[in-house]
Amino acid sequence: MSPTVLHAHAQTGVATVASEFQAPGPSDFWQPLVGDGAWALTRPGVMMLISVLVLGVFYVTLSKRLTVVPSKTQWLAEGVYGFARDTIGRDIIGARDFRPFIPFIFTLFTLILLNNLMGIIPIIQYPSLSRIGIPIALTAIVYVVYQAVGIKRKGGFLGWVKSMVPPGLPAWIVPMMFVLELMRFFITQPVTLALRIFGNMFAGHLMLLLFSLGGEYLLLHGSNVGLQAAGILSFLVFIVMTAFELLIAVLQAFIFALLAALYIGDAVSDGH
């Protein structure tokens with residue numbers, strides 16, 4: 001049983017050694033450290049602040065020790081930066097416009113990646129983006145950036161709105177297309193951007209909780225050898241799911257940064 005699991009159940013008053021198995025649920029993700037309610041200082045909030053500090057100190061320190069022949073740490077950092085710059089920035093936004101947005105895309109990618117990886121790091125084992133407030137906050141930043149870029153590039157708000165409808169459409173279809181595009185830019189894109197990463201990180205961590213807690217319960221309270229063997233199998237599935245969660249953590253960080261770059265690229269493009 002990981003400390004995270006023990007802590008989560010301590011917060012909800014659920015005993016792990018009990019006569020009846022208590023399945024993990026959304027309440028296990030609510031872990032206030034100071035206070036309660038909407039303004040509580042929660043564990044995921046503290047983790048996000050720590051991750052910002054860790055990344056800031058790491059890259060500032062590394063930038064002061066750059067060498068022509070890179071160390072392993074410098075090589076890794078340069079690889080991540082090159083991936084964010086070329087694969088996400090230049091390929092998606094375009095070679096002409098991508099440079100001003102590289103710091104933003106790189107920061108998004110590394111920040112989300114580190115927080116996602118916290119979900120499988122021993123002792124920590126909590127992905128902060130499994131709390132919906134954090135994906136919403138990151139999405140709000142992306143939303144403001146690509147809307148501001150679109151307004152600036154298209155000659156004001158009206159120009160940005162007009163650019164959403166491709167030219168050359170029949171007059172009768174323009175109103176319907178305008179409404180659909182308006183919903184896509186201002187509602188669908190930000191909502192799906194936040195819910196996609198939240199849903200994946202929440203569901204993945206919930207599955208890890210289920211297999212670890214279920215395996216422990218069957219081992220401790222199984223009435224026969226078969227149930228105890230099922231507990232061992234549950235722990236094996238937990239290990240496999242942890243490896244799978246590593247893939248999901250990297251993939252979701254990439255997808256979030258990729259979509260952010262796609263929306264910015266759409267905003268700076270000359271056409272629709």
# chains A, B, ... in the order shown; residues from 1 in each chain; ligands from 1
call {"tool": "residues_around", "arguments": {"residues": "segment 122-135 of chain A", "least_positions_apart": "2", "cutoff": "7 Å", "atoms": "only C-alpha atoms", "output": "ChimeraX atom specification"}}
result
/A:2-4,44,47-48,115-120,137-139,194,198,201-202
call {"tool": "select_by_dssp", "arguments": {"residues": "segment 12-73 of chain A", "states": "strand (DSSP E or B)", "output": "list of chain:residue names"}}
result
A:Pro32, A:Leu33, A:Val34, A:Leu41, A:Thr42
call {"tool": "closest_residue", "arguments": {"among": "A:Leu262, A:Val57, A:Val142, A:Leu233", "to": "Ser212 of chain A", "atoms": "only C-alpha atoms"}}
result
A:Leu233
call {"tool": "select_by_dssp", "arguments": {"residues": "segment 10-230 of chain A", "states": "alpha helix (DSSP H)", "output": "CSV table (one decimal) with N, CA and C atoms, in the first residue's frame"}}
result
chain,number,residue,atom,x,y,z
A,10,ALA,N,-7.2,8.0,4.6
A,10,ALA,CA,-7.3,8.6,6.0
A,10,ALA,C,-8.1,9.9,5.9
A,11,GLN,N,-8.0,10.6,4.7
A,11,GLN,CA,-8.7,11.8,4.5
A,11,GLN,C,-10.2,11.6,4.5
A,12,THR,N,-10.6,10.5,4.0
A,12,THR,CA,-12.0,10.2,3.8
A,12,THR,C,-12.6,9.3,4.9
A,43,ARG,N,-3.5,19.2,-1.6
A,43,ARG,CA,-2.2,18.5,-2.0
A,43,ARG,C,-1.9,18.7,-3.5
A,44,PRO,N,-2.8,18.5,-4.4
A,44,PRO,CA,-2.5,18.8,-5.8
A,44,PRO,C,-2.0,20.2,-6.1
A,45,GLY,N,-2.6,21.2,-5.4
A,45,GLY,CA,-2.2,22.6,-5.6
A,45,GLY,C,-0.7,22.8,-5.1
A,46,VAL,N,-0.4,22.2,-4.0
A,46,VAL,CA,1.0,22.2,-3.5
A,46,VAL,C,1.9,21.5,-4.5
A,47,MET,N,1.5,20.4,-5.0
A,47,MET,CA,2.3,19.7,-5.9
A,47,MET,C,2.6,20.5,-7.2
A,48,MET,N,1.6,21.2,-7.7
A,48,MET,CA,1.8,22.0,-8.8
A,48,MET,C,2.8,23.2,-8.5
A,49,LEU,N,2.7,23.8,-7.4
A,49,LEU,CA,3.6,24.8,-7.0
A,49,LEU,C,5.1,24.3,-6.9
A,50,ILE,N,5.2,23.1,-6.3
A,50,ILE,CA,6.5,22.5,-6.2
A,50,ILE,C,7.1,22.1,-7.5
A,51,SER,N,6.2,21.6,-8.4
A,51,SER,CA,6.7,21.3,-9.8
A,51,SER,C,7.2,22.5,-10.5
A,52,VAL,N,6.5,23.7,-10.4
A,52,VAL,CA,7.0,24.9,-11.0
A,52,VAL,C,8.4,25.3,-10.4
A,53,LEU,N,8.5,25.2,-9.1
A,53,LEU,CA,9.8,25.5,-8.5
A,53,LEU,C,10.9,24.6,-8.9
A,54,VAL,N,10.6,23.3,-9.0
A,54,VAL,CA,11.6,22.3,-9.4
A,54,VAL,C,12.1,22.6,-10.8
A,55,LEU,N,11.1,22.8,-11.8
A,55,LEU,CA,11.5,23.1,-13.2
A,55,LEU,C,12.2,24.4,-13.3
A,56,GLY,N,11.8,25.4,-12.6
A,56,GLY,CA,12.5,26.7,-12.6
A,56,GLY,C,13.9,26.6,-12.2
A,57,VAL,N,14.2,26.0,-11.0
A,57,VAL,CA,15.5,25.8,-10.5
A,57,VAL,C,16.4,24.9,-11.4
A,58,PHE,N,15.8,23.9,-11.9
A,58,PHE,CA,16.5,22.9,-12.8
A,58,PHE,C,17.0,23.6,-14.0
A,59,TYR,N,16.1,24.3,-14.7
A,59,TYR,CA,16.5,24.9,-16.0
A,59,TYR,C,17.4,26.2,-15.8
A,60,VAL,N,17.2,26.9,-14.8
A,60,VAL,CA,18.1,28.1,-14.5
A,60,VAL,C,19.5,27.6,-14.2
A,61,THR,N,19.5,26.6,-13.3
A,61,THR,CA,20.8,26.0,-12.9
A,61,THR,C,21.5,25.4,-14.1
A,62,LEU,N,20.8,24.7,-14.9
A,62,LEU,CA,21.4,24.0,-16.1
A,62,LEU,C,21.9,25.0,-17.1
A,63,SER,N,21.1,26.1,-17.3
A,63,SER,CA,21.5,27.1,-18.3
A,63,SER,C,22.8,27.8,-17.9
A,72,LYS,N,24.9,14.3,-19.6
A,72,LYS,CA,23.7,13.5,-19.8
A,72,LYS,C,22.4,14.3,-19.5
A,73,THR,N,22.5,15.1,-18.4
A,73,THR,CA,21.4,16.0,-18.0
A,73,THR,C,21.1,17.0,-19.1
A,74,GLN,N,22.2,17.7,-19.5
A,74,GLN,CA,22.0,18.7,-20.6
A,74,GLN,C,21.5,18.1,-21.9
A,75,TRP,N,22.0,16.9,-22.2
A,75,TRP,CA,21.5,16.2,-23.4
A,75,TRP,C,20.0,15.9,-23.3
A,76,LEU,N,19.6,15.5,-22.1
A,76,LEU,CA,18.2,15.2,-21.9
A,76,LEU,C,17.3,16.4,-22.0
A,77,ALA,N,17.8,17.5,-21.4
A,77,ALA,CA,17.0,18.8,-21.4
A,77,ALA,C,16.9,19.3,-22.8
A,78,GLU,N,18.0,19.2,-23.5
A,78,GLU,CA,18.0,19.7,-24.9
A,78,GLU,C,17.1,18.9,-25.8
A,79,GLY,N,17.1,17.6,-25.5
A,79,GLY,CA,16.2,16.7,-26.3
A,79,GLY,C,14.8,17.1,-26.1
A,80,VAL,N,14.4,17.3,-24.8
A,80,VAL,CA,13.0,17.7,-24.6
A,80,VAL,C,12.6,19.0,-25.2
A,81,TYR,N,13.6,20.0,-25.1
A,81,TYR,CA,13.4,21.3,-25.7
A,81,TYR,C,13.3,21.2,-27.2
A,82,GLY,N,14.1,20.4,-27.8
A,82,GLY,CA,14.1,20.2,-29.3
A,82,GLY,C,12.8,19.5,-29.7
A,102,ILE,N,7.5,29.3,-28.6
A,102,ILE,CA,8.2,28.1,-28.1
A,102,ILE,C,8.3,28.1,-26.6
A,103,PRO,N,8.7,29.2,-25.9
A,103,PRO,CA,8.7,29.2,-24.4
A,103,PRO,C,7.4,28.8,-23.8
A,104,PHE,N,6.3,29.2,-24.4
A,104,PHE,CA,5.0,28.8,-23.8
A,104,PHE,C,4.7,27.4,-24.0
A,105,ILE,N,4.9,26.9,-25.2
A,105,ILE,CA,4.7,25.5,-25.5
A,105,ILE,C,5.6,24.5,-24.7
A,106,PHE,N,6.9,24.9,-24.6
A,106,PHE,CA,7.8,24.1,-23.9
A,106,PHE,C,7.5,24.1,-22.4
A,107,THR,N,7.1,25.2,-21.8
A,107,THR,CA,6.7,25.3,-20.4
A,107,THR,C,5.4,24.4,-20.2
A,108,LEU,N,4.4,24.5,-21.1
A,108,LEU,CA,3.2,23.7,-20.9
A,108,LEU,C,3.6,22.2,-20.9
A,109,PHE,N,4.4,21.8,-21.9
A,109,PHE,CA,4.7,20.4,-22.1
A,109,PHE,C,5.5,19.8,-20.9
A,110,THR,N,6.5,20.5,-20.4
A,110,THR,CA,7.3,20.0,-19.3
A,110,THR,C,6.6,20.1,-18.0
A,111,LEU,N,5.8,21.1,-17.8
A,111,LEU,CA,5.0,21.2,-16.5
A,111,LEU,C,4.0,20.1,-16.4
A,112,ILE,N,3.2,19.9,-17.5
A,112,ILE,CA,2.2,18.8,-17.5
A,112,ILE,C,2.9,17.5,-17.4
A,113,LEU,N,4.0,17.3,-18.1
A,113,LEU,CA,4.7,16.0,-18.1
A,113,LEU,C,5.1,15.7,-16.7
A,114,LEU,N,5.7,16.6,-16.0
A,114,LEU,CA,6.2,16.4,-14.6
A,114,LEU,C,5.1,16.0,-13.7
A,115,ASN,N,4.0,16.8,-13.8
A,115,ASN,CA,2.9,16.6,-12.9
A,115,ASN,C,2.2,15.2,-13.2
A,116,ASN,N,2.1,14.8,-14.5
A,116,ASN,CA,1.6,13.5,-14.8
A,116,ASN,C,2.4,12.4,-14.3
A,117,LEU,N,3.8,12.6,-14.4
A,117,LEU,CA,4.7,11.5,-13.9
A,117,LEU,C,4.6,11.4,-12.4
A,133,GLY,N,-9.8,21.3,-11.4
A,133,GLY,CA,-9.4,22.8,-11.3
A,133,GLY,C,-8.1,23.1,-12.0
A,134,ILE,N,-7.1,22.2,-11.9
A,134,ILE,CA,-5.8,22.4,-12.5
A,134,ILE,C,-5.9,22.4,-14.1
A,135,PRO,N,-6.5,21.3,-14.7
A,135,PRO,CA,-6.7,21.4,-16.1
A,135,PRO,C,-7.5,22.6,-16.6
A,136,ILE,N,-8.5,23.0,-15.8
A,136,ILE,CA,-9.2,24.2,-16.2
A,136,ILE,C,-8.3,25.5,-16.2
A,137,ALA,N,-7.5,25.6,-15.2
A,137,ALA,CA,-6.6,26.7,-15.1
A,137,ALA,C,-5.6,26.8,-16.3
A,138,LEU,N,-5.0,25.6,-16.6
A,138,LEU,CA,-4.1,25.6,-17.7
A,138,LEU,C,-4.8,25.9,-19.0
A,139,THR,N,-6.0,25.3,-19.2
A,139,THR,CA,-6.8,25.6,-20.4
A,139,THR,C,-7.2,27.0,-20.5
A,140,ALA,N,-7.5,27.7,-19.4
A,140,ALA,CA,-7.8,29.1,-19.4
A,140,ALA,C,-6.6,29.9,-19.9
A,141,ILE,N,-5.4,29.6,-19.6
A,141,ILE,CA,-4.2,30.3,-20.0
A,141,ILE,C,-4.1,30.1,-21.6
A,142,VAL,N,-4.2,28.8,-22.0
A,142,VAL,CA,-4.2,28.6,-23.5
A,142,VAL,C,-5.2,29.3,-24.2
A,143,TYR,N,-6.4,29.3,-23.6
A,143,TYR,CA,-7.6,30.0,-24.2
A,143,TYR,C,-7.3,31.5,-24.4
A,144,VAL,N,-6.8,32.2,-23.4
A,144,VAL,CA,-6.5,33.6,-23.5
A,144,VAL,C,-5.4,33.8,-24.5
A,145,VAL,N,-4.4,33.0,-24.6
A,145,VAL,CA,-3.3,33.2,-25.5
A,145,VAL,C,-3.8,33.1,-26.9
A,146,TYR,N,-4.5,32.0,-27.3
A,146,TYR,CA,-4.8,31.9,-28.7
A,146,TYR,C,-5.9,32.9,-29.1
A,147,GLN,N,-6.8,33.3,-28.2
A,147,GLN,CA,-7.8,34.3,-28.5
A,147,GLN,C,-7.1,35.6,-28.7
A,148,ALA,N,-6.2,36.0,-27.9
A,148,ALA,CA,-5.5,37.3,-28.0
A,148,ALA,C,-4.7,37.3,-29.2
A,149,VAL,N,-4.0,36.2,-29.6
A,149,VAL,CA,-3.2,36.1,-30.8
A,149,VAL,C,-4.1,36.3,-32.0
A,150,GLY,N,-5.3,35.6,-32.0
A,150,GLY,CA,-6.2,35.7,-33.1
A,150,GLY,C,-6.7,37.1,-33.3
A,151,ILE,N,-7.1,37.7,-32.2
A,151,ILE,CA,-7.6,39.1,-32.3
A,151,ILE,C,-6.5,40.1,-32.9
A,152,LYS,N,-5.3,39.9,-32.4
A,152,LYS,CA,-4.2,40.8,-32.9
A,152,LYS,C,-3.9,40.5,-34.3
A,153,ARG,N,-3.8,39.2,-34.7
A,153,ARG,CA,-3.4,38.9,-36.1
A,153,ARG,C,-4.5,39.2,-37.1
A,157,PHE,N,-11.2,42.2,-32.9
A,157,PHE,CA,-12.2,41.1,-32.5
A,157,PHE,C,-13.1,40.7,-33.7
A,158,LEU,N,-13.6,41.7,-34.4
A,158,LEU,CA,-14.5,41.4,-35.5
A,158,LEU,C,-13.8,40.7,-36.6
A,159,GLY,N,-12.6,41.1,-36.9
A,159,GLY,CA,-11.8,40.4,-37.9
A,159,GLY,C,-11.5,39.0,-37.5
A,160,TRP,N,-11.3,38.7,-36.3
A,160,TRP,CA,-11.0,37.4,-35.8
A,160,TRP,C,-12.3,36.5,-35.9
A,161,VAL,N,-13.4,37.1,-35.6
A,161,VAL,CA,-14.7,36.4,-35.7
A,161,VAL,C,-15.0,36.1,-37.1
A,162,LYS,N,-14.8,37.1,-38.0
A,162,LYS,CA,-15.1,36.9,-39.4
A,162,LYS,C,-14.2,35.8,-40.1
A,174,VAL,N,-23.7,30.1,-44.6
A,174,VAL,CA,-22.8,30.9,-43.8
A,174,VAL,C,-23.3,31.1,-42.4
A,175,PRO,N,-24.6,31.4,-42.1
A,175,PRO,CA,-25.1,31.5,-40.7
A,175,PRO,C,-24.9,30.3,-39.9
A,176,MET,N,-25.2,29.1,-40.5
A,176,MET,CA,-25.0,27.9,-39.7
A,176,MET,C,-23.5,27.6,-39.4
A,177,MET,N,-22.7,27.8,-40.5
A,177,MET,CA,-21.3,27.6,-40.3
A,177,MET,C,-20.7,28.5,-39.2
A,178,PHE,N,-21.2,29.8,-39.2
A,178,PHE,CA,-20.7,30.8,-38.3
A,178,PHE,C,-21.0,30.3,-36.9
A,179,VAL,N,-22.2,29.9,-36.6
A,179,VAL,CA,-22.6,29.4,-35.3
A,179,VAL,C,-21.8,28.2,-34.8
A,180,LEU,N,-21.6,27.3,-35.7
A,180,LEU,CA,-20.8,26.1,-35.4
A,180,LEU,C,-19.3,26.5,-35.1
A,181,GLU,N,-18.8,27.3,-35.9
A,181,GLU,CA,-17.4,27.8,-35.7
A,181,GLU,C,-17.2,28.6,-34.4
A,182,LEU,N,-18.2,29.4,-34.1
A,182,LEU,CA,-18.2,30.2,-32.9
A,182,LEU,C,-18.2,29.3,-31.7
A,183,MET,N,-19.1,28.3,-31.7
A,183,MET,CA,-19.1,27.3,-30.6
A,183,MET,C,-17.8,26.6,-30.5
A,189,GLN,N,-13.5,23.9,-28.0
A,189,GLN,CA,-12.1,23.7,-27.9
A,189,GLN,C,-11.6,23.8,-26.4
A,190,PRO,N,-11.9,24.8,-25.7
A,190,PRO,CA,-11.4,24.9,-24.3
A,190,PRO,C,-12.0,23.8,-23.4
A,191,VAL,N,-13.3,23.5,-23.6
A,191,VAL,CA,-13.9,22.4,-22.7
A,191,VAL,C,-13.3,21.1,-22.9
A,192,THR,N,-13.1,20.7,-24.2
A,192,THR,CA,-12.6,19.4,-24.5
A,192,THR,C,-11.1,19.3,-24.1
A,193,LEU,N,-10.4,20.4,-24.3
A,193,LEU,CA,-9.0,20.5,-23.9
A,193,LEU,C,-8.8,20.1,-22.4
A,194,ALA,N,-9.6,20.7,-21.6
A,194,ALA,CA,-9.5,20.5,-20.1
A,194,ALA,C,-10.0,19.1,-19.8
A,195,LEU,N,-11.2,18.7,-20.3
A,195,LEU,CA,-11.8,17.4,-19.9
A,195,LEU,C,-11.0,16.2,-20.4
A,196,ARG,N,-10.3,16.3,-21.5
A,196,ARG,CA,-9.5,15.2,-22.1
A,196,ARG,C,-8.4,14.8,-21.1
A,197,ILE,N,-7.6,15.8,-20.7
A,197,ILE,CA,-6.5,15.4,-19.8
A,197,ILE,C,-7.0,15.0,-18.4
A,198,PHE,N,-8.0,15.7,-18.0
A,198,PHE,CA,-8.6,15.4,-16.6
A,198,PHE,C,-9.1,14.0,-16.6
A,199,GLY,N,-9.9,13.6,-17.6
A,199,GLY,CA,-10.5,12.3,-17.7
A,199,GLY,C,-9.5,11.2,-17.7
A,200,ASN,N,-8.4,11.4,-18.5
A,200,ASN,CA,-7.4,10.3,-18.6
A,200,ASN,C,-6.6,10.2,-17.3
A,201,MET,N,-6.2,11.3,-16.7
A,201,MET,CA,-5.4,11.2,-15.5
A,201,MET,C,-6.3,10.7,-14.3
A,202,PHE,N,-7.5,11.2,-14.2
A,202,PHE,CA,-8.4,10.7,-13.2
A,202,PHE,C,-8.7,9.3,-13.3
A,203,ALA,N,-9.1,8.8,-14.4
A,203,ALA,CA,-9.5,7.4,-14.6
A,203,ALA,C,-8.3,6.5,-14.4
A,204,GLY,N,-7.1,6.9,-14.9
A,204,GLY,CA,-5.9,6.1,-14.7
A,204,GLY,C,-5.5,5.9,-13.3
A,205,HIS,N,-5.6,7.0,-12.5
A,205,HIS,CA,-5.2,6.9,-11.1
A,205,HIS,C,-6.3,6.1,-10.3
A,206,LEU,N,-7.5,6.3,-10.7
A,206,LEU,CA,-8.6,5.5,-10.0
A,206,LEU,C,-8.4,4.0,-10.2
A,207,MET,N,-8.0,3.6,-11.4
A,207,MET,CA,-7.7,2.2,-11.7
A,207,MET,C,-6.6,1.7,-10.9
A,208,LEU,N,-5.5,2.5,-10.7
A,208,LEU,CA,-4.4,2.1,-9.9
A,208,LEU,C,-4.8,1.9,-8.4
A,209,LEU,N,-5.6,2.8,-8.0
A,209,LEU,CA,-6.2,2.7,-6.6
A,209,LEU,C,-7.0,1.4,-6.4
A,210,LEU,N,-7.8,1.2,-7.4
A,210,LEU,CA,-8.7,0.0,-7.3
A,210,LEU,C,-8.0,-1.3,-7.3
A,211,PHE,N,-7.0,-1.5,-8.1
A,211,PHE,CA,-6.2,-2.7,-8.2
A,211,PHE,C,-5.3,-2.8,-6.9
A,212,SER,N,-4.7,-1.7,-6.5
A,212,SER,CA,-3.9,-1.9,-5.3
A,212,SER,C,-4.7,-2.1,-4.0
A,213,LEU,N,-5.8,-1.4,-3.8
A,213,LEU,CA,-6.6,-1.6,-2.7
A,213,LEU,C,-7.3,-2.9,-2.7
A,214,GLY,N,-7.8,-3.3,-3.9
A,214,GLY,CA,-8.5,-4.5,-4.0
A,214,GLY,C,-7.6,-5.7,-3.8
A,215,GLY,N,-6.3,-5.6,-4.3
A,215,GLY,CA,-5.3,-6.7,-4.1
A,215,GLY,C,-5.0,-6.8,-2.6
A,216,GLU,N,-4.8,-5.7,-1.9
A,216,GLU,CA,-4.5,-5.7,-0.5
A,216,GLU,C,-5.7,-6.3,0.3
A,217,TYR,N,-6.9,-6.0,-0.1
A,217,TYR,CA,-8.1,-6.5,0.7
A,217,TYR,C,-8.2,-8.0,0.5
A,218,LEU,N,-8.0,-8.4,-0.7
A,218,LEU,CA,-8.1,-9.9,-1.0
A,218,LEU,C,-7.1,-10.7,-0.2
A,219,LEU,N,-5.8,-10.1,-0.2
A,219,LEU,CA,-4.8,-10.8,0.5
A,219,LEU,C,-5.0,-10.8,2.0
A,220,LEU,N,-5.5,-9.8,2.6
A,220,LEU,CA,-5.7,-9.7,4.1
A,220,LEU,C,-7.0,-10.4,4.5
A,221,HIS,N,-8.0,-10.3,3.7
A,221,HIS,CA,-9.4,-10.7,4.1
A,221,HIS,C,-9.9,-11.9,3.2
A,225,VAL,N,-7.8,-19.7,-0.5
A,225,VAL,CA,-6.6,-19.5,-1.3
A,225,VAL,C,-6.9,-18.9,-2.6
A,226,GLY,N,-8.0,-19.2,-3.2
A,226,GLY,CA,-8.4,-18.6,-4.5
A,226,GLY,C,-8.5,-17.1,-4.4
A,227,LEU,N,-9.1,-16.6,-3.4
A,227,LEU,CA,-9.3,-15.1,-3.3
A,227,LEU,C,-7.9,-14.5,-3.0
A,228,GLN,N,-7.1,-15.1,-2.2
A,228,GLN,CA,-5.8,-14.6,-2.0
A,228,GLN,C,-4.9,-14.6,-3.2
A,229,ALA,N,-5.1,-15.6,-4.0
A,229,ALA,CA,-4.4,-15.7,-5.3
A,229,ALA,C,-4.9,-14.5,-6.2
A,230,ALA,N,-6.2,-14.3,-6.2
A,230,ALA,CA,-6.7,-13.2,-6.9
A,230,ALA,C,-6.1,-11.8,-6.5
call {"tool": "atom_distance", "arguments": {"atom1": "atom CA of Asp266 of chain A", "atom2": "atom CA of Thr188 of chain A"}}
result
14.8 Å
call {"tool": "residues_around", "arguments": {"residues": "Asp91 of chain A", "least_positions_apart": "3", "cutoff": "10 Å", "atoms": "only C-alpha atoms", "output": "ChimeraX atom specification"}}
result
/A:84-88,94-95,98,258,261-262,265
call {"tool": "write_last_selection", "arguments": {"atoms": "N, CA and C atoms", "output": "PDB file, in the first residue's frame"}}
result
ATOM      1  N   ALA A  84       9.838  19.802 -28.153  1.00  0.00           N
ATOM      2  CA  ALA A  84       8.784  20.815 -28.043  1.00  0.00           C
ATOM      3  C   ALA A  84       8.918  21.864 -29.147  1.00  0.00           C
ATOM      4  N   ARG A  85      10.149  22.240 -29.479  1.00  0.00           N
ATOM      5  CA  ARG A  85      10.372  23.284 -30.487  1.00  0.00           C
ATOM      6  C   ARG A  85      10.029  22.805 -31.886  1.00  0.00           C
ATOM      7  N   ASP A  86      10.530  21.619 -32.260  1.00  0.00           N
ATOM      8  CA  ASP A  86      10.398  21.166 -33.642  1.00  0.00           C
ATOM      9  C   ASP A  86       9.117  20.382 -33.892  1.00  0.00           C
ATOM     10  N   THR A  87       8.897  19.333 -33.090  1.00  0.00           N
ATOM     11  CA  THR A  87       7.753  18.450 -33.327  1.00  0.00           C
ATOM     12  C   THR A  87       6.427  19.125 -32.999  1.00  0.00           C
ATOM     13  N   ILE A  88       6.383  19.908 -31.927  1.00  0.00           N
ATOM     14  CA  ILE A  88       5.127  20.560 -31.537  1.00  0.00           C
ATOM     15  C   ILE A  88       5.041  21.972 -32.110  1.00  0.00           C
ATOM     16  N   GLY A  94       3.930  26.369 -37.569  1.00  0.00           N
ATOM     17  CA  GLY A  94       4.496  26.782 -38.854  1.00  0.00           C
ATOM     18  C   GLY A  94       5.842  27.459 -38.672  1.00  0.00           C
ATOM     19  N   ALA A  95       6.725  27.249 -39.624  1.00  0.00           N
ATOM     20  CA  ALA A  95       8.094  27.763 -39.518  1.00  0.00           C
ATOM     21  C   ALA A  95       8.147  29.285 -39.444  1.00  0.00           C
ATOM     22  N   PHE A  98       6.349  30.232 -35.432  1.00  0.00           N
ATOM     23  CA  PHE A  98       6.413  29.416 -34.224  1.00  0.00           C
ATOM     24  C   PHE A  98       7.323  29.968 -33.133  1.00  0.00           C
ATOM     25  N   LEU A 258       0.265  19.819 -27.952  1.00  0.00           N
ATOM     26  CA  LEU A 258       0.010  19.762 -29.397  1.00  0.00           C
ATOM     27  C   LEU A 258      -1.261  20.524 -29.760  1.00  0.00           C
ATOM     28  N   ALA A 261      -0.735  24.234 -29.455  1.00  0.00           N
ATOM     29  CA  ALA A 261      -0.017  24.731 -30.632  1.00  0.00           C
ATOM     30  C   ALA A 261      -0.931  24.778 -31.850  1.00  0.00           C
ATOM     31  N   LEU A 262      -1.820  23.793 -31.971  1.00  0.00           N
ATOM     32  CA  LEU A 262      -2.753  23.771 -33.090  1.00  0.00           C
ATOM     33  C   LEU A 262      -3.699  24.953 -33.045  1.00  0.00           C
ATOM     34  N   GLY A 265      -1.693  28.013 -33.904  1.00  0.00           N
ATOM     35  CA  GLY A 265      -1.423  28.004 -35.341  1.00  0.00           C
ATOM     36  C   GLY A 265      -2.637  28.418 -36.148  1.00  0.00           C
TER      37      GLY A 265
END
call {"tool": "atom_distance", "arguments": {"atom1": "atom CA of Val268 of chain A", "atom2": "atom CA of Val250 of chain A"}}
result
27.1 Å
call {"tool": "closest_residue", "arguments": {"among": "A:Tyr263, A:Gly89, A:Ala243, A:Ile121", "to": "Phe186 of chain A", "atoms": "only C-alpha atoms"}}
result
A:Tyr263
call {"tool": "atom_distance", "arguments": {"atom1": "atom CA of Ile239 of chain A", "atom2": "atom CA of Ala23 of chain A"}}
result
18.8 Å
